[in-house]
Amino acid sequence: MIALTRRDLLKGAGALVVSFGLPGVVPSALGHGQKPALLPDELDSWIAVQADGGVTVFFGKMDMGQGVDVAIAQIVADELDVAFDRVSVVMGDTAFTCNQGGASGSTAIQRGGVTLRFAAAEARRLLLARAAEKLGAPVETLTVTDGVVSANGDSQKKVGYGELIGGQHFHHKLEWNKQYGNTLLSKGQATPKKPSEYRVVGRSIPQAVITGKAFGRAQYVTDVRIPGMLHARVVRPPTAGCGPLTVDESSISGIPARVIREKEVIAVVAEHEWDAVRAARQLKVTWTPPCTPFPTTETLHDHIRQAKGIGNQTPINKGDVETALKGAHRVVEAEYEWPLQSHASMGPACAVADVRADHATVWTGSQKPHYVQTGVAKLVGLPAAKVRVTWIPGPGSYGRNDAGDAAHDAALLSKLTGKPVRMQYMRHDGTAWDPKGPAAVYRGRAGVDANGDVVAYDFSAKGFTRMDVDPREGDPRETLAGQMTGYAPKPTIIFQVPAESYDFANKRCGWECIAPLLERASPLRTAHLRDPLGAETHFASESFIDEIAHALGADPVAFRLKYVKDPRHAAVIKAAADKAGWTGTPNPNRGKGAVMRGRGFSYTERIGTVVAVVADVEVDRRTGRVWARRFTVAHDCGLIINPKGLELTIEGNIVQALSRTLFEEVRFDRDRVLSVDWATYPILEMQDAPEKIDIVLLNRPDAPATGAGEPSTRTVPAAIANAIFDATGVRLRRVPLTPERVKAALARA
Amino acid sequence: MSERIRFVVDGKPAEVEADPAMPLLYALRDNLSATAPKFGCGLAQCGACTVHVDGRATRACITPVSAVKGKRVTTLAGLGTPEKPHPLQTAWIAEQVPQCGYCTSGWMMTAAALLREKPKPTDKQIREACAGLKCRCGTHMAIMRAIKRAAGVTA
């Protein structure tokens, strides 16, 4: 017997809908009397203690499956001295949570958790003050166990949190930095505990929500049903940049469905889902002629090389790289290419919206419900305060996928039809029309002196910005619904340089962005894809480091250790090498045999989190197939909240990044995206999953907890490419490393 | 033309009046509120919609509802219950498999059919049986551990 707990129900088992009426609605009896306004400087905005002593936490970020809500509950349980299972976490509902930026940049714990820790510590301080009064004992003599406060040495003198405040609000102000989003920070007067005092943090507490998922009971946004709701499907232009000329409504006259059109948005709505699906398929629309906005998949990187730059930065510029390169004994050079990639979430996006004359409700899987709130408000012409957005887990999310677009489409259609609308995309809408991870060309140049020391390091990127649309859907212009109804897009020019601590005497790292291929409603518009530009940039930079090491006849690990200056970085590199049994001797079997074996190394940093990866690969000479058989990962993200959850998070990163490295590339011709489903956008399947992933967690209790949801993604691609070089002697500089490319490279060698 | 079609869903009799060509997935999700199987692609390329039809793992997204007339359809919600879990469900929880979990029906219903035929599968047999299934979150390692745990075969 497996118990479905209240936590399961709160966090998504199907019974929620039945119990509380509408999906995502949180029980209202969290407190009696007037609750203070939902502002970050109110303690009540973060924590409620219920009459039974249970604690509810209101988290303005949300979990995408890695269990950050469990980690948040662990943090709060420790600070408040309550049992873990007495803490419930409400996430991503604009009616109950402050805008902490949503799921963003692996900051749930790194940033979001900080305010929750301060709030819990402050709540404990207030509760102890009340207990001192009630028990007639000084605060210093009080201890708390599982939410019960006792006076030292007097077992009769005790009182529970529920009795102290249960059902009432704190009405207590916090100090708030007046920011919203990821940088929001609120704190009270209490000093949080020392890491040595943690009892719940550091434990591998499982995710209760997984129980609901295993029994098919977990509720996803695709499962939300509202009385009177219409099912909707979109009809996107067959070629990019086209708009509709005529819509032949008679073409679906046999189907109980109707067409809704607003400028370039065309959709069908029906009472029954299948009717909407068939109508969208059958609807005849004539479109403006193709405008050939794209190069082809094959010529994309030449286009990038030749295109005019529209913005650039050189964030790292130490010494005099050009002079050092001129004076170098030898210069190592290489160029790398990364393709456009799709989020290709497990299911295409879905959202339900109910837009009324004076208010609106939206259910979405978007990582940023607080921004969907402002985006939808503007799109449908309501004040943001009159729009409630409730996040319900979607069919996978790895950044700015298609979820935010679906939410705005649903809202627009609900407004136009006057009914609640459930918009679900079809697979081709999800894969062809989601915002893409950007493509780029990278160039590395390294100058080496006669002693074999690197005296100049020059690394540059040229590619598409990572933000044609902002990952925060806070304005209609960031969404297809907005862009197709007259909101002009406003890209942000932003790129990235490698994150590492190589201390080269002269070092320059910079980037240049080029213009989008199509300035409006483009299926190739870019946005954040898990670890935005991280996999891309560090594929190139860590491949290049490997190339320099090999050019010098140096062991790639020893070479890195020679130049890495941050001791934490060095410790991670050593930990991975030790665990993998890295010998530092050249591969005696390089290029030999039908199946060639090799191992590669890579290391990266991401906003404080350091990862090193050893990949062991097999390359089949006849088929070109690469099997990344084993990975060894060393990971330092400071204080570890939940070791098992962290390991599973890392595994997901490794496997997804492996998929992106070996298989994934958005294909397109001059007019349209050709990657429209899993056959045309293949991802990794079980046959290509590794045999083993060994993970070494370096826990640093005294260092702040930093992110883990993305950092190990960026370390993987170069580790694989470097392992392929070690196995074959052939360097692959163009992702994905498909069997065709591997075979061709081996044939050229 | 609509047709009245009767079949059994998770042990209970069900009836839909629908276009016989409508995929079973819409009958389950839209008509019968059986939401465990998910829409992932509608093309039998991912597995998120997988159910058992008379014990066989079947992609509900391309199976016409008329094809299950009089048959037993089992969804993930009918594979086992918290009171009487299928060994795979117990293993899924023990191994903490899901990230988003949207793909779960594909893996678990396919694995359940595999384990019925081959109670002690090898790694190779598991990998082959899972061909065509997708998990975008990359939980493949945990899925492998869970299937092996359920089968009682050690790594």
# chains A, B, ... in the order shown; residues from 1 in each chain; ligands from 1
>>> closest_atom_pairs(of="chain A", to="chain B", cutoff="7 Å", atoms="only C-alpha atoms", output="tab-separated table")
residue	atom	partner	partner_atom	distance
A:Met1	CA	B:Glu83	CA	4.3
A:Ile2	CA	B:Pro82	CA	4.7
A:Ala3	CA	B:Pro82	CA	6.4
A:Met64	CA	B:Cys100	CA	6.3
A:Gly65	CA	B:Gln99	CA	4.0
A:Gln66	CA	B:Gln99	CA	5.8
A:Pro206	CA	B:Gln96	CA	7.0
A:Ile210	CA	B:Ile93	CA	6.2
A:Thr211	CA	B:Ile93	CA	5.9
A:Lys213	CA	B:Gly101	CA	6.2
A:Ala214	CA	B:Gln89	CA	5.4
A:Phe215	CA	B:Ala77	CA	5.2
A:Gly216	CA	B:Ala36	CA	4.5
A:Arg217	CA	B:Ala36	CA	6.5
A:Asp223	CA	B:Thr35	CA	6.4
A:Glu273	CA	B:Asp30	CA	6.6
A:Trp274	CA	B:Tyr26	CA	6.4
A:Ser345	CA	B:Arg136	CA	6.2
A:Met346	CA	B:Arg136	CA	5.4
A:Gly347	CA	B:Gly40	CA	4.2
A:Pro348	CA	B:Gly40	CA	6.7
A:Pro395	CA	B:Tyr102	CA	5.4
A:Gly396	CA	B:Cys100	CA	5.2
A:Met426	CA	B:Cys41	CA	6.9
A:Arg427	CA	B:Cys41	CA	4.9
A:Gly652	CA	B:Gly138	CA	4.5
A:Val655	CA	B:Gly138	CA	4.9
A:Gln656	CA	B:Gly138	CA	5.0
A:Trp678	CA	B:Gln45	CA	6.1
A:Glu685	CA	B:Lys134	CA	6.1
A:Met686	CA	B:Arg127	CA	5.5
A:Gln687	CA	B:Arg127	CA	5.3
A:Ala689	CA	B:His140	CA	6.5
>>> write_last_selection(atoms="N, CA and C atoms", output="short mmCIF file (atom, residue, chain, number, x, y, z; two decimals), in the first residue's frame")
data_model
loop_
_atom_site.label_atom_id
_atom_site.label_comp_id
_atom_site.auth_asym_id
_atom_site.auth_seq_id
_atom_site.Cartn_x
_atom_site.Cartn_y
_atom_site.Cartn_z
N MET A 1 0.85 -1.21 0.00
CA MET A 1 0.00 0.00 0.00
C MET A 1 0.88 1.25 0.00
N ILE A 2 0.58 2.12 -0.89
CA ILE A 2 1.34 3.37 -0.97
C ILE A 2 0.41 4.52 -0.64
N ALA A 3 0.78 5.27 0.35
CA ALA A 3 -0.12 6.32 0.83
C ALA A 3 -0.04 7.54 -0.08
N MET A 64 10.09 22.19 -12.05
CA MET A 64 9.92 21.61 -13.38
C MET A 64 10.21 20.10 -13.36
N GLY A 65 10.15 19.50 -12.19
CA GLY A 65 10.33 18.05 -12.10
C GLY A 65 11.56 17.63 -11.33
N GLN A 66 12.40 18.61 -10.98
CA GLN A 66 13.63 18.27 -10.27
C GLN A 66 13.43 18.26 -8.74
N PRO A 206 12.34 12.00 -0.72
CA PRO A 206 11.78 11.79 -2.07
C PRO A 206 10.69 12.80 -2.40
N ILE A 210 5.76 12.32 -7.16
CA ILE A 210 6.06 11.21 -8.08
C ILE A 210 5.06 10.07 -7.88
N THR A 211 4.54 9.93 -6.68
CA THR A 211 3.54 8.88 -6.44
C THR A 211 2.32 9.10 -7.34
N LYS A 213 2.25 10.69 -10.10
CA LYS A 213 2.65 10.47 -11.50
C LYS A 213 2.72 8.99 -11.83
N ALA A 214 3.20 8.19 -10.89
CA ALA A 214 3.35 6.75 -11.13
C ALA A 214 1.99 6.06 -11.25
N PHE A 215 0.96 6.63 -10.64
CA PHE A 215 -0.36 6.00 -10.72
C PHE A 215 -1.26 6.70 -11.75
N GLY A 216 -0.67 7.56 -12.57
CA GLY A 216 -1.46 8.22 -13.60
C GLY A 216 -2.48 9.20 -13.04
N ARG A 217 -2.24 9.68 -11.83
CA ARG A 217 -3.23 10.55 -11.18
C ARG A 217 -2.78 12.01 -11.12
N ASP A 223 -4.72 18.43 -18.48
CA ASP A 223 -5.87 17.73 -17.90
C ASP A 223 -6.91 18.69 -17.32
N GLU A 273 -12.91 17.82 -28.46
CA GLU A 273 -11.51 18.01 -28.84
C GLU A 273 -11.23 17.47 -30.24
N TRP A 274 -11.74 16.30 -30.52
CA TRP A 274 -11.46 15.67 -31.82
C TRP A 274 -11.99 16.55 -32.97
N SER A 345 9.46 19.82 -26.26
CA SER A 345 8.98 19.31 -24.97
C SER A 345 8.18 18.02 -25.23
N MET A 346 8.04 17.24 -24.16
CA MET A 346 7.43 15.91 -24.30
C MET A 346 6.05 15.99 -24.95
N GLY A 347 5.30 16.98 -24.59
CA GLY A 347 4.03 17.24 -25.27
C GLY A 347 4.03 18.68 -25.73
N PRO A 348 3.32 18.97 -26.82
CA PRO A 348 3.18 20.38 -27.20
C PRO A 348 2.40 21.12 -26.12
N PRO A 395 3.67 19.68 -19.98
CA PRO A 395 4.34 18.50 -20.53
C PRO A 395 5.82 18.73 -20.78
N GLY A 396 6.54 19.05 -19.73
CA GLY A 396 7.98 19.27 -19.84
C GLY A 396 8.29 20.72 -20.11
N MET A 426 -0.68 21.07 -31.55
CA MET A 426 -0.35 19.76 -32.10
C MET A 426 1.18 19.64 -32.12
N ARG A 427 1.65 18.44 -32.37
CA ARG A 427 3.11 18.23 -32.32
C ARG A 427 3.85 19.20 -33.23
N GLY A 652 19.50 13.86 -15.47
CA GLY A 652 18.64 14.42 -16.52
C GLY A 652 19.40 15.39 -17.41
N VAL A 655 21.83 13.34 -19.75
CA VAL A 655 21.18 12.60 -20.84
C VAL A 655 20.57 13.57 -21.86
N GLN A 656 19.95 14.63 -21.37
CA GLN A 656 19.38 15.59 -22.32
C GLN A 656 20.47 16.27 -23.14
N TRP A 678 8.88 13.97 -34.06
CA TRP A 678 10.02 13.22 -33.54
C TRP A 678 10.78 12.50 -34.65
N GLU A 685 16.99 8.02 -27.70
CA GLU A 685 16.10 6.98 -27.17
C GLU A 685 16.91 6.02 -26.30
N MET A 686 16.22 5.06 -25.74
CA MET A 686 16.84 4.17 -24.75
C MET A 686 18.09 3.44 -25.29
N GLN A 687 18.07 3.10 -26.58
CA GLN A 687 19.21 2.36 -27.15
C GLN A 687 20.51 3.14 -26.98
N ALA A 689 21.05 5.48 -24.55
CA ALA A 689 21.29 5.96 -23.18
C ALA A 689 22.58 5.33 -22.67
#
>>> select_by_dssp(residues="chain B", states="helix (DSSP H, G or I)", output="JSON, numbers by chain")
{"B": [24, 25, 26, 27, 28, 29, 30, 31, 65, 66, 67, 68, 76, 77, 78, 79, 87, 88, 89, 90, 91, 92, 93, 94, 104, 105, 106, 107, 108, 109, 110, 111, 112, 113, 114, 115, 116, 117, 123, 124, 125, 126, 127, 128, 129, 140, 141, 142, 143, 144, 145, 146, 147, 148, 149, 150, 151]}
>>> atom_distance(atom1="CA of Asp694 in chain A", atom2="CA of Glu618 in chain A")
17.4 Å
>>> residues_around(residues="Thr361 in chain A", least_positions_apart="3", cutoff="8 Å", atoms="only C-alpha atoms", output="count of residues only")
7
>>> atom_distance(atom1="CA of Ile720 in chain A", atom2="CA of Leu697 in chain A")
20.9 Å
>>> residues_around(residues="Asn587 in chain A", least_positions_apart="6", cutoff="9 Å", atoms="only C-alpha atoms", output="tab-separated table (two decimals) with N, CA and C atoms, in the first residue's frame")
chain	number	residue	atom	x	y	z
A	597	ARG	N	37.44	3.04	-28.89
A	597	ARG	CA	37.04	3.51	-27.58
A	597	ARG	C	37.95	4.65	-27.12
A	598	GLY	N	37.33	5.62	-26.45
A	598	GLY	CA	38.14	6.72	-25.93
A	598	GLY	C	37.40	7.46	-24.85
A	599	ARG	N	38.13	8.34	-24.17
A	599	ARG	CA	37.48	9.13	-23.14
A	599	ARG	C	37.89	10.60	-23.27
A	726	ASP	N	39.68	11.29	-28.81
A	726	ASP	CA	40.57	10.34	-28.14
A	726	ASP	C	40.43	8.94	-28.73
A	727	ALA	N	39.21	8.60	-29.12
A	727	ALA	CA	38.97	7.26	-29.67
A	727	ALA	C	39.48	7.14	-31.10
>>> select_by_dssp(residues="chain B", states="strand (DSSP E)", output="MDAnalysis selection string")
chainID B and resid 3:9 12:18 50:53 56:59 72:74
>>> atom_distance(atom1="CA of Arg130 in chain A", atom2="CA of Gly167 in chain A")
14.7 Å
>>> closest_residue(among="A:Trp46, A:Tyr220, A:Trp433, A:Tyr371", to="Pro476 in chain A", atoms="only C-alpha atoms")
A:Tyr371
>>> closest_residue(among="A:Ile392, A:Ala705, A:Val114, A:Ala657", to="Gly608 in chain A", atoms="only C-alpha atoms")
A:Ala705
>>> residues_around(residues="Leu115 in chain B", least_positions_apart="5", cutoff="8 Å", atoms="only C-alpha atoms", output="PyMOL selection string")
chain B and resi 120-121+151
>>> closest_residue(among="B:Thr122, B:Thr74, B:Thr110, B:Ser2", to="Val53 in chain B", atoms="only C-alpha atoms")
B:Thr74
>>> closest_residue(among="A:Lys436, A:Lys378, A:Arg225, A:Lys368", to="His528 in chain A", atoms="only C-alpha atoms")
A:Lys436
